[in-house]
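Single-structure report; data block below.
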Amino acid sequence: MDSDAIIEVNRLSKAYGLLPVLRGVDFSIDRGEWVLLFGANGSGKSTLLRLLSGLSKPSAGRIRIGGWELPREAMAVRAQCGLVAHRPLLYENLTAAENLDFFGKLYGLAADERAQRGRDLLRQAGLAKSAERIVRTFSRGMKQRLSIARATLHQPEILLLDEPYSGLDQAACQNLDEMLAVAQEAGRTILLSTHQLSRAPAAAGRALVLSGGRIAYDGASDPGNLAELYVEAAGATSL
Amino acid sequence: MPKHVELDASPQPTLLRALTLLTGLGFLATLYLGLFVAGTDIQQGEIQRIFYIHMPSFFGAFTAFGATVVGGMLYLARKQAAWDRIALAGAEVGLAFALINLLTGAVWARPIWNTWWTWDPRLTSAAVMCLIYAAYLMLRAGIDDSNQKRNFMSVYGIFAFVSVLTTLFIIRIVPETIHPVIVGASPQNAQGSFEATSGVFMALAPSMLLWLTLMPATLIWHRYRLETRREALERLKFQALGD
Amino acid sequence: MMTPFLACVLAIIAKDLRAEFRSRELLSVMALFALLSVLVFSFALELDREARAEAVSGVLWVTLIFASLLGLNRSLAQESDQGNLDALLLAPVSRSAIFAGKFAGNALFTGAVGLALLPLMTVLYNINMVAPGVIVTTVVGTVGLCSIGTLLATMTAQTRAREALLPIALLPVALPFLLTAVRATKGALNGAPEWQVWLQLLAGITVIYVVLCLLLYGYVVEE
């Protein structure tokens with residue numbers, strides 16, 4: 001057993017009703033790694049991230065995160081994971097600061113800690129001036145950045161991001177990459193899913209390609225080689 | 001390449017065949033006891049004989065609804081689809097029994113109370129019982145994801161039963177009923193009581209036993225097998241579409 | 001490692017209250033519906049004095065149960081529309097704490113509408129409804145109604161036809177509350193001594209339902 005592995009997935013399968021989404025997925029990710037998860041739409045990326053965050057229970061196979069077994073020890077895993085999902089998972093009628101304060105309470109942070117981290121994260125996300133604005137009035141990019149702030153509020157070991165680039169313009173993407181770089185420097189493990197190879201941040205060292213519910217490629221995220229592999233595995237006609 | 005899917009074509013287990021036969025014979029026997037052996041009631045006449053089905057079907061419904069609760073709890077604990085099929089079968093069989101109870105009651109009430117239906121608390125509670133399980137089946141039909149459906153319906157089955165029990169309990173402590181109580185003292189203003197003689201009990205006891213045990217067990221088993229096959233068929237259709 | 005139960009419940013209540021005071025989405029819809037319902041009943045029944053005393057507790061509870069349906073649908077749709085239920089489930093909090101938080105919020109809103117109805121109905125129906133017995137019954141009945149209502153709304157919010165399914169699922173299983181609450185209210189209005197028995201029964205059923213909801217909520221949100 002690799003003692004450095006923070007995420008270990010063995011023969012993981014998940015079906016929704018009769019529809020199999022993951023059919024035996026194996027991989028492990030070391031502490032502090034930044035891994036990209038590629039796959040066409042419907043290849044099971046979101047399902048995999050939901051399983052890893054403990055939102056969904058596997059049909060078969062096992063997941064260990066930070067030494068904890070899912071779904072049995074989901075409570076311990078939840079405290080270590082931060083998920084940035086498709087949707088921002090924010091309350092539209094609350095301000096940015098109120099959103100962070102609420103989630104801080106759910107993660108059991110003390111009042112002064114919540115205030116301190118909330119301020120820091122909003123500044124990092126470039127939202128310091130918008131802290132008292134209602135989230136409903138935010139642009140897609142602002143929501144995405146606030147969403148990352150929400151996911152890192154409890155300083156999780158692992159950051160899971162599901163298609164974070166979708167709907168963001170060039171500047172917003174760059175800003176996102178900067179935020180992720182900060183997270184990686186802080187020693188977090190990052191697993192980021194996307195269906196666009198061109199968006200792949202250069203800082204990530206490793207890539208997984210998910211196709212038809214299985215891992216089709218697991219290795220260096222060298223773009224030249226990967227493009228061919230991805231086309232082959234995902235059956236994608238364009239990138 | 002087309003995949004071959006096993007459709008369960010196994011014959012009925014011997015025990016189920018035996019149960020079916022026994023239930024059928026038992027039903028004929030209790031009909032015979034009720035229609036020919038038990039004496040005719042002096043005041044009500046032949047219509048009183050409907051009681052040998054009316055009351056047992058009410059209690060039989062509880063055996064079936066009990067299966068829904070137990071099936072639901074075991075499904076939640078073990079996550080095996082079989083328990084959910086039992087729960088579904090229990091709800092359908094129980095609803096059928098409750099409807100038999102309601103219909104036979106109406107047929108009896110027409111000559112005795114001179115009306116098919118009155119909003120008597122006991123009648124209301126019987127109607128509520130039917131409505132709760134009709135809602136169960138409708139809710140079930142409205143949920144797409146099969147795992148979610150099983151979870152939700154296991155939980156709903158538990159609340160449905162609690163609701164039936166509490167409603168019955170509430171109704172029982174309301175004194176203003178005209179419904180006769182055959183076992184135990186009838187309320188003062190009950191209309192259509194009759195004497196529970198030994199002849200009545202001789203016809204009632206076997207019928208009661210049949211409706212409490214064999215009848216629901218056999219029907220639930222058959223419905224369970226049907227559901228198993230229906231699910232297998234779904235899988236087959238799904239695979240055929242996928243290929 | 002797990003966030004304490006009470007802290008989580010209070011956080012969810014505070015969040016719902018804050019969002020509600022800002023948007024007034026829930027209370028305005030529920031209150032307007034309740035007002036309309038009470039008015040429609042008073043026209044439709046054209047009650048004489050005697051019949052009014054009999055019918056008024058029924059009007060109160062039918063209005064409350066339908067108003068609560070509106071509120072429950074909205075309250076849980078707020079969580080499921082933006083996928084926010086996932087955000088709650090991602091946090092290291094027990095599922096029963098999430099239930100208790102949402103339930104307390106719903107009970108607060110529905111209870112507020114119920115208590116506001118009492119003086120209104122006193123004026124419209126010329127019967128003094130602002131009596132201790134009626135107030136207590138309204139509070140206990142709303143609490144019971146919202147317990148099972150919150151659980152079922154969480155279920156139906158995750159289905160396609162949620163607006164249509166919630167009444168069908170809730171009304172039959174909420175009947176024990178309706179039966180006892182109407183009788184307790186009626187008894188309290190008439191000064192009949194047995195109203196306290198009905199209130200006790202209502203409280204007993206409420207306790208049973210709340211405990212069952214706390215135990216079973218986890219199954220309604222798991223995937």
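If you're wondering about the labels, chains in the structure tokens are A, B, ... by order shown, residues count from 1 in each chain, ligands from 1 in order shown.
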
Selection: 10 Å around Arg145 of chain A, only C-alpha atoms, excl. self and same-chain fewer than 6 positions, as an MDAnalysis selection string: chainID A and resid 84 88 121:122 124:127 151 164 172:173 175:176 179

Residues of the last selection are to be written out with N, CA and C atoms, as a tab-separated table (two decimals), in the first residue's frame.
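Now in part37.tsv:
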chain	number	residue	atom	x	y	z
A	84	VAL	N	-16.52	21.72	-5.38
A	84	VAL	CA	-17.08	22.79	-6.20
A	84	VAL	C	-17.84	22.10	-7.30
A	88	PRO	N	-23.43	26.46	-8.19
A	88	PRO	CA	-22.58	27.13	-7.20
A	88	PRO	C	-22.83	26.70	-5.75
A	121	LEU	N	-10.70	34.85	2.53
A	121	LEU	CA	-11.11	34.17	1.31
A	121	LEU	C	-11.77	35.12	0.33
A	122	LEU	N	-12.57	36.04	0.85
A	122	LEU	CA	-13.22	37.01	-0.04
A	122	LEU	C	-12.18	37.89	-0.72
A	124	GLN	N	-9.00	36.97	-1.35
A	124	GLN	CA	-8.34	36.11	-2.34
A	124	GLN	C	-9.18	35.97	-3.60
A	125	ALA	N	-10.48	35.88	-3.41
A	125	ALA	CA	-11.38	35.67	-4.54
A	125	ALA	C	-11.69	36.98	-5.26
A	126	GLY	N	-11.12	38.07	-4.78
A	126	GLY	CA	-11.38	39.37	-5.40
A	126	GLY	C	-12.79	39.85	-5.18
A	127	LEU	N	-13.38	39.44	-4.07
A	127	LEU	CA	-14.77	39.79	-3.80
A	127	LEU	C	-14.92	40.69	-2.57
A	151	ALA	N	-15.90	26.20	-0.68
A	151	ALA	CA	-15.38	24.84	-0.61
A	151	ALA	C	-14.07	24.75	0.17
A	164	PRO	N	-15.17	23.36	-13.43
A	164	PRO	CA	-15.20	24.72	-12.90
A	164	PRO	C	-15.07	25.79	-13.99
A	172	ALA	N	-11.72	35.22	-16.07
A	172	ALA	CA	-12.23	34.47	-14.93
A	172	ALA	C	-11.51	33.13	-14.79
A	173	CYS	N	-11.19	32.51	-15.94
A	173	CYS	CA	-10.46	31.25	-15.91
A	173	CYS	C	-9.08	31.44	-15.30
A	175	ASN	N	-8.14	33.78	-13.25
A	175	ASN	CA	-8.33	34.04	-11.83
A	175	ASN	C	-8.53	32.74	-11.05
A	176	LEU	N	-9.31	31.85	-11.66
A	176	LEU	CA	-9.58	30.54	-11.04
A	176	LEU	C	-8.28	29.75	-10.90
A	179	MET	N	-6.30	30.98	-8.04
A	179	MET	CA	-6.84	30.51	-6.75
A	179	MET	C	-6.43	29.07	-6.48

Extract, using only C-alpha atoms, all DNA, RNA and protein residues at most 8 Å from segment 214-228 of chain B, discarding same-chain residues fewer than 6 positions from it, and format them as a short mmCIF file (atom, residue, chain, number, x, y, z; two decimals) with C-alpha atoms, in the first residue's frame.
data_model
loop_
_atom_site.label_atom_id
_atom_site.label_comp_id
_atom_site.auth_asym_id
_atom_site.auth_seq_id
_atom_site.Cartn_x
_atom_site.Cartn_y
_atom_site.Cartn_z
CA LEU B 16 -46.40 -21.55 -3.42
CA LEU B 19 -50.36 -22.38 -0.60
CA THR B 20 -52.41 -21.28 -3.59
CA LEU B 22 -54.87 -24.34 0.19
CA THR B 23 -56.02 -20.73 0.04
CA GLY B 60 -56.47 -9.16 6.61
CA ALA B 61 -55.59 -5.72 5.27
CA THR B 63 -51.45 -8.29 7.76
CA ALA B 64 -50.69 -6.93 4.29
CA ALA B 82 -36.53 -7.98 -2.60
CA ARG B 85 -41.01 -5.75 -3.62
CA ILE B 86 -42.63 -7.31 -0.58
CA ALA B 89 -47.02 -6.25 -2.79
CA GLY B 90 -48.27 -5.67 0.76
CA VAL B 93 -52.92 -6.54 -1.51
CA GLY B 94 -53.86 -4.53 1.57
#

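For chain A, the residues within 9 Å of chain B are A:Tyr16, A:Gly17, A:Leu18, A:Leu19, with only C-alpha atoms used to measure distance.
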
Neighbours of chain C in chain B at 12 Å, counting only C-alpha atoms, as a count of residues only: 56

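With only C-alpha atoms as the atoms that count, the residue of A:Ile148, A:Ala5, A:Ala207, A:Ala76 with the shortest distance to Asp30 of chain A is A:Ala5.
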
Write out as a Markdown table the residues of chain C that have any atom within 9 Å of an atom of chain A, one row each with the nearest atom pair and its distance in Å to one decimal, counting only C-alpha atoms, sorted by chain and then rising number.
| residue | atom | partner | partner_atom | distance |
| --- | --- | --- | --- | --- |
| C:Met1 | CA | A:Ala76 | CA | 6.5 |
| C:Met2 | CA | A:Met75 | CA | 6.7 |
| C:Thr3 | CA | A:Gly108 | CA | 4.9 |
| C:Pro4 | CA | A:Gly108 | CA | 7.3 |
| C:Ala7 | CA | A:Lys105 | CA | 7.2 |
| C:Cys8 | CA | A:Leu106 | CA | 5.6 |
| C:Ala11 | CA | A:Lys105 | CA | 6.3 |
| C:Ile12 | CA | A:Phe102 | CA | 7.7 |
| C:Ala14 | CA | A:Phe102 | CA | 8.6 |
| C:Lys15 | CA | A:Phe102 | CA | 6.8 |
| C:Arg18 | CA | A:Leu94 | CA | 7.6 |
| C:Ala19 | CA | A:Asn93 | CA | 5.3 |
| C:Glu20 | CA | A:Asn93 | CA | 8.2 |
| C:Arg22 | CA | A:Asn93 | CA | 7.0 |
| C:Ser23 | CA | A:Asn93 | CA | 7.0 |
| C:Gln78 | CA | A:Tyr91 | CA | 8.4 |
| C:Glu79 | CA | A:Tyr91 | CA | 8.4 |
| C:Gln82 | CA | A:Leu89 | CA | 6.1 |
| C:Gly83 | CA | A:Leu89 | CA | 5.8 |
| C:Asn84 | CA | A:Leu89 | CA | 4.8 |
| C:Leu85 | CA | A:Leu89 | CA | 8.2 |
| C:Asp86 | CA | A:Leu55 | CA | 7.1 |
| C:Ala87 | CA | A:Leu89 | CA | 5.8 |
| C:Leu88 | CA | A:Leu106 | CA | 7.8 |
| C:Leu89 | CA | A:Leu55 | CA | 6.8 |
| C:Leu90 | CA | A:Arg78 | CA | 6.0 |
| C:Ala91 | CA | A:Arg78 | CA | 5.9 |
| C:Pro92 | CA | A:Met75 | CA | 5.2 |
| C:Val93 | CA | A:Leu106 | CA | 6.8 |
| C:Ser94 | CA | A:Met75 | CA | 8.2 |
| C:Glu222 | CA | A:Ser56 | CA | 6.9 |
| C:Glu223 | CA | A:Ser56 | CA | 4.9 |

Surrounding residues of Trp108 of chain B excluding itself and chain neighbours under 3 positions, 12 Å, only C-alpha atoms, as number ranges by chain: B: 44-55, 101-105, 111-117, 179, 191-193

Written file, previous selection with C-alpha atoms, as an mmCIF file, in the first residue's frame:
data_model
loop_
_atom_site.group_PDB
_atom_site.id
_atom_site.type_symbol
_atom_site.label_atom_id
_atom_site.label_comp_id
_atom_site.auth_asym_id
_atom_site.auth_seq_id
_atom_site.Cartn_x
_atom_site.Cartn_y
_atom_site.Cartn_z
ATOM 1 C CA GLN B 44 -81.302 -9.102 9.350
ATOM 2 C CA GLY B 45 -81.834 -12.236 7.313
ATOM 3 C CA GLU B 46 -79.428 -13.443 4.642
ATOM 4 C CA ILE B 47 -77.596 -10.129 4.271
ATOM 5 C CA GLN B 48 -75.914 -10.682 7.620
ATOM 6 C CA ARG B 49 -73.798 -13.422 5.978
ATOM 7 C CA ILE B 50 -71.697 -10.754 4.224
ATOM 8 C CA PHE B 51 -70.166 -10.143 7.620
ATOM 9 C CA TYR B 52 -68.093 -13.364 7.248
ATOM 10 C CA ILE B 53 -66.087 -11.559 4.559
ATOM 11 C CA HIS B 54 -66.547 -7.972 5.708
ATOM 12 C CA MET B 55 -64.773 -8.232 9.034
ATOM 13 C CA ASN B 101 -64.129 -4.307 3.303
ATOM 14 C CA LEU B 102 -65.556 -0.977 2.154
ATOM 15 C CA LEU B 103 -67.702 -2.473 -0.629
ATOM 16 C CA THR B 104 -69.138 -5.310 1.439
ATOM 17 C CA GLY B 105 -69.900 -2.799 4.167
ATOM 18 C CA PRO B 111 -80.783 -2.611 3.585
ATOM 19 C CA ILE B 112 -79.824 -2.292 7.260
ATOM 20 C CA TRP B 113 -79.053 1.451 7.588
ATOM 21 C CA ASN B 114 -81.041 2.332 4.488
ATOM 22 C CA THR B 115 -78.022 4.026 2.889
ATOM 23 C CA TRP B 116 -74.888 2.949 1.016
ATOM 24 C CA TRP B 117 -72.680 5.336 2.886
ATOM 25 C CA HIS B 179 -71.384 0.950 13.590
ATOM 26 C CA GLN B 191 -77.814 -0.028 14.553
ATOM 27 C CA GLY B 192 -77.709 -3.471 12.998
ATOM 28 C CA SER B 193 -76.108 -5.434 15.792
#

Nearby residues (only C-alpha atoms) at most 12 Å from Ala181 of chain A, same-chain spacing under 3 positions excluded, as a ChimeraX atom specification: /A:32-34,124,159,174-178,184-190,201-204

Pairwise distance for atom CA of His195 of chain A and atom CA of Val25 of chain A, rounded to one decimal in Å: 18.3 Å

Test item: residues at most 12 Å from Val140 of chain C, only C-alpha atoms, excluding those fewer than 3 positions along its chain, as a PyMOL selection string: chain C and resi 107-108+110-111+114-115+133-137+143-147+177-178+180-181+184-185+198-207+210

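One finds atom CA of Ile98 of chain C at 15.0 Å from atom CA of Leu17 of chain C.
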
Members of segment 104-192 of chain B assigned alpha helix (DSSP H) by DSSP, as a PyMOL selection string: chain B and resi 104-112+121-141+146-172

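Interatomic distance, atom CA of Leu70 of chain C to atom CA of Glu163 of chain C: 8.7 Å.
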
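Taking only C-alpha atoms, the non-local environment of Ser166 of chain A within 10 Å (same-chain residues fewer than 4 positions away omitted) comprises A:His86, A:Arg140, A:Gly141, A:Gln144, A:Asp162, A:Cys173, A:Thr194, A:His195, A:Gln196, A:Arg199.
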